[in-house]
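Below is the file upload05.txt, which contains compact mmCIF, C-alpha atoms.
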```txt
# COMPACT_ATOMS: atom_id res chain seq x y z
CA MET K 1 -2.77 -27.08 -2.82
CA ASN K 2 -1.73 -26.43 0.73
CA VAL K 3 -1.80 -22.99 2.36
CA SER K 4 1.99 -22.58 2.55
CA HIS K 5 2.32 -23.29 -1.17
CA GLU K 6 -0.48 -20.84 -2.03
CA ILE K 7 1.19 -18.15 0.09
CA GLU K 8 4.46 -18.68 -1.81
CA LEU K 9 2.55 -18.30 -5.10
CA LEU K 10 0.89 -15.17 -3.73
CA LYS K 11 4.29 -13.67 -2.91
CA GLU K 12 5.44 -14.33 -6.49
CA GLU K 13 2.31 -12.69 -7.92
CA ILE K 14 2.66 -9.62 -5.69
CA GLN K 15 6.26 -9.26 -6.85
CA ARG K 16 5.19 -9.68 -10.49
CA LEU K 17 2.31 -7.19 -10.36
CA GLY K 18 3.49 -4.79 -7.67
CA SER K 19 6.06 -2.07 -7.34
CA LYS K 20 8.35 -0.83 -4.59
CA ASN K 21 6.78 1.72 -2.25
CA ALA K 22 8.57 4.55 -0.44
CA GLY K 23 9.68 2.14 2.29
CA GLY K 24 11.27 -0.22 -0.23
CA GLN K 25 8.58 -2.88 0.20
CA THR K 26 6.69 -4.38 -2.72
CA SER K 27 3.01 -3.49 -2.78
CA VAL K 28 0.02 -3.94 -5.07
CA THR K 29 -3.62 -2.94 -4.81
CA PHE K 30 -6.30 -5.56 -4.21
CA GLY K 31 -8.04 -4.60 -7.47
CA VAL K 32 -4.93 -5.31 -9.54
CA LEU K 33 -4.50 -8.74 -7.88
CA PHE K 34 -8.18 -9.63 -8.06
CA ASN K 35 -8.59 -8.66 -11.72
CA ASP K 36 -5.40 -10.34 -12.96
CA ASP K 37 -6.19 -13.37 -15.17
CA ARG K 38 -3.17 -15.35 -13.98
CA CYS K 39 -4.15 -14.84 -10.31
CA ALA K 40 -7.72 -15.85 -11.10
CA ASN K 41 -6.43 -19.14 -12.54
CA ILE K 42 -4.05 -19.84 -9.65
CA PHE K 43 -6.15 -18.98 -6.60
CA GLU K 44 -9.52 -20.57 -5.96
CA ALA K 45 -10.08 -18.29 -2.98
CA LEU K 46 -7.81 -15.25 -3.29
CA VAL K 47 -9.31 -13.50 -0.25
CA GLY K 48 -8.79 -16.62 1.87
CA THR K 49 -5.15 -16.84 0.78
CA LEU K 50 -4.66 -13.14 1.56
CA LYS K 51 -6.16 -13.57 5.03
CA ALA K 52 -3.93 -16.59 5.73
CA ALA K 53 -0.84 -14.67 4.54
CA LYS K 54 -1.78 -11.69 6.73
CA LYS K 55 -2.24 -13.97 9.75
CA ARG K 56 1.28 -15.37 9.13
CA LYS K 57 2.63 -11.79 8.80
CA VAL K 58 3.75 -12.34 5.20
CA ILE K 59 1.64 -9.41 3.96
CA ASP K 60 -0.28 -6.54 5.50
CA PHE K 61 -3.34 -4.55 4.45
CA GLN K 62 -5.54 -2.04 6.26
CA SER K 63 -8.87 -3.81 6.13
CA GLU K 64 -10.55 -6.70 7.89
CA LEU K 65 -12.43 -7.75 4.77
CA LEU K 66 -11.61 -7.38 1.07
CA LEU K 67 -14.45 -7.16 -1.44
CA GLN K 68 -14.15 -6.60 -5.18
CA GLY K 69 -15.02 -3.05 -6.16
CA VAL K 70 -15.32 -1.67 -2.64
CA HIS K 71 -11.71 -2.43 -1.68
CA ASP K 72 -9.98 -2.29 -5.07
CA ASN K 73 -7.67 0.52 -3.87
CA VAL K 74 -6.56 -1.20 -0.65
CA GLU K 75 -2.79 -1.57 -0.74
CA ILE K 76 -1.36 -5.02 0.00
CA VAL K 77 2.22 -4.79 1.24
CA LEU K 78 4.63 -7.71 1.05
CA LEU K 79 6.44 -7.94 4.41
CA GLN K 80 8.55 -11.01 3.53
CA GLU K 81 10.20 -10.96 0.11
```

Represent the structure from my file as structure tokens, please.
Amino acid sequence: MNVSHEIELLKEEIQRLGSKNAGGQTSVTFGVLFNDDRCANIFEALVGTLKAAKKRKVIDFQSELLLQGVHDNVEIVLLQE
């Protein structure tokens, strides 16, 4: 899979698992994404896909690094629906 395709899949999963925040943007916590069985089957390297999407300004999150457990409550906001 190429990065652009994985980012499109990531957007779909954030929309599926997330909810609208006060600003009207869809958001989901890292823990919800990481622990979802469907996401686990789709993404070989979820954190890598998240970093690539952040670099392309598709999503935003307030952390340089995302680790399971430690960053489960970090909110991932979808900037491009």

- Do a neighbour search on segment 41-45 of chain K at 12 Å with only C-alpha atoms, toss out local chain neighbours closer than 2 positions, and write the hits as a PyMOL selection string. chain K and resi 1-3+5-10+12-13+33-39+47-52+66

Written selection (C-alpha atoms) as a short mmCIF file (atom, residue, chain, number, x, y, z; two decimals), in the frame of the given file:
```cif
data_model
loop_
_atom_site.label_atom_id
_atom_site.label_comp_id
_atom_site.auth_asym_id
_atom_site.auth_seq_id
_atom_site.Cartn_x
_atom_site.Cartn_y
_atom_site.Cartn_z
CA MET K 1 -2.77 -27.08 -2.82
CA ASN K 2 -1.73 -26.43 0.73
CA VAL K 3 -1.80 -22.99 2.36
CA HIS K 5 2.32 -23.29 -1.17
CA GLU K 6 -0.48 -20.84 -2.03
CA ILE K 7 1.19 -18.15 0.09
CA GLU K 8 4.46 -18.68 -1.81
CA LEU K 9 2.55 -18.30 -5.10
CA LEU K 10 0.89 -15.17 -3.73
CA GLU K 12 5.44 -14.33 -6.49
CA GLU K 13 2.31 -12.69 -7.92
CA LEU K 33 -4.50 -8.74 -7.88
CA PHE K 34 -8.18 -9.63 -8.06
CA ASN K 35 -8.59 -8.66 -11.72
CA ASP K 36 -5.40 -10.34 -12.96
CA ASP K 37 -6.19 -13.37 -15.17
CA ARG K 38 -3.17 -15.35 -13.98
CA CYS K 39 -4.15 -14.84 -10.31
CA VAL K 47 -9.31 -13.50 -0.25
CA GLY K 48 -8.79 -16.62 1.87
CA THR K 49 -5.15 -16.84 0.78
CA LEU K 50 -4.66 -13.14 1.56
CA LYS K 51 -6.16 -13.57 5.03
CA ALA K 52 -3.93 -16.59 5.73
CA LEU K 66 -11.61 -7.38 1.07
#
```

- Excluding same-chain residues fewer than 5 positions from Glu81 of chain K, what lies within 10 Å of it counting only C-alpha atoms, as a ChimeraX atom specification? /K:8,11-12,14-15,25-26,58-59

- In file coordinates, which residues lie within 12 Å of (-9.8, -5.1, -6.8) using only C-alpha atoms, given as a PyMOL selection string? chain K and resi 28-36+39-40+46-47+66-76

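One finds atom CA of Gly24 of chain K at 17.0 Å from atom CA of Lys57 of chain K.
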
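In this model, the gap between atom CA of Asn21 of chain K and atom CA of Ser4 of chain K comes to 25.2 Å.
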
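Note that the spacing between atom CA of Val77 of chain K and atom CA of Phe61 of chain K amounts to 6.4 Å.
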
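Remark: for Lys20 of chain K, the closest of the candidate residues K:Lys54, K:Leu65, K:Asp60, K:Leu78 is K:Leu78 (distances computed over all atoms listed in the file).
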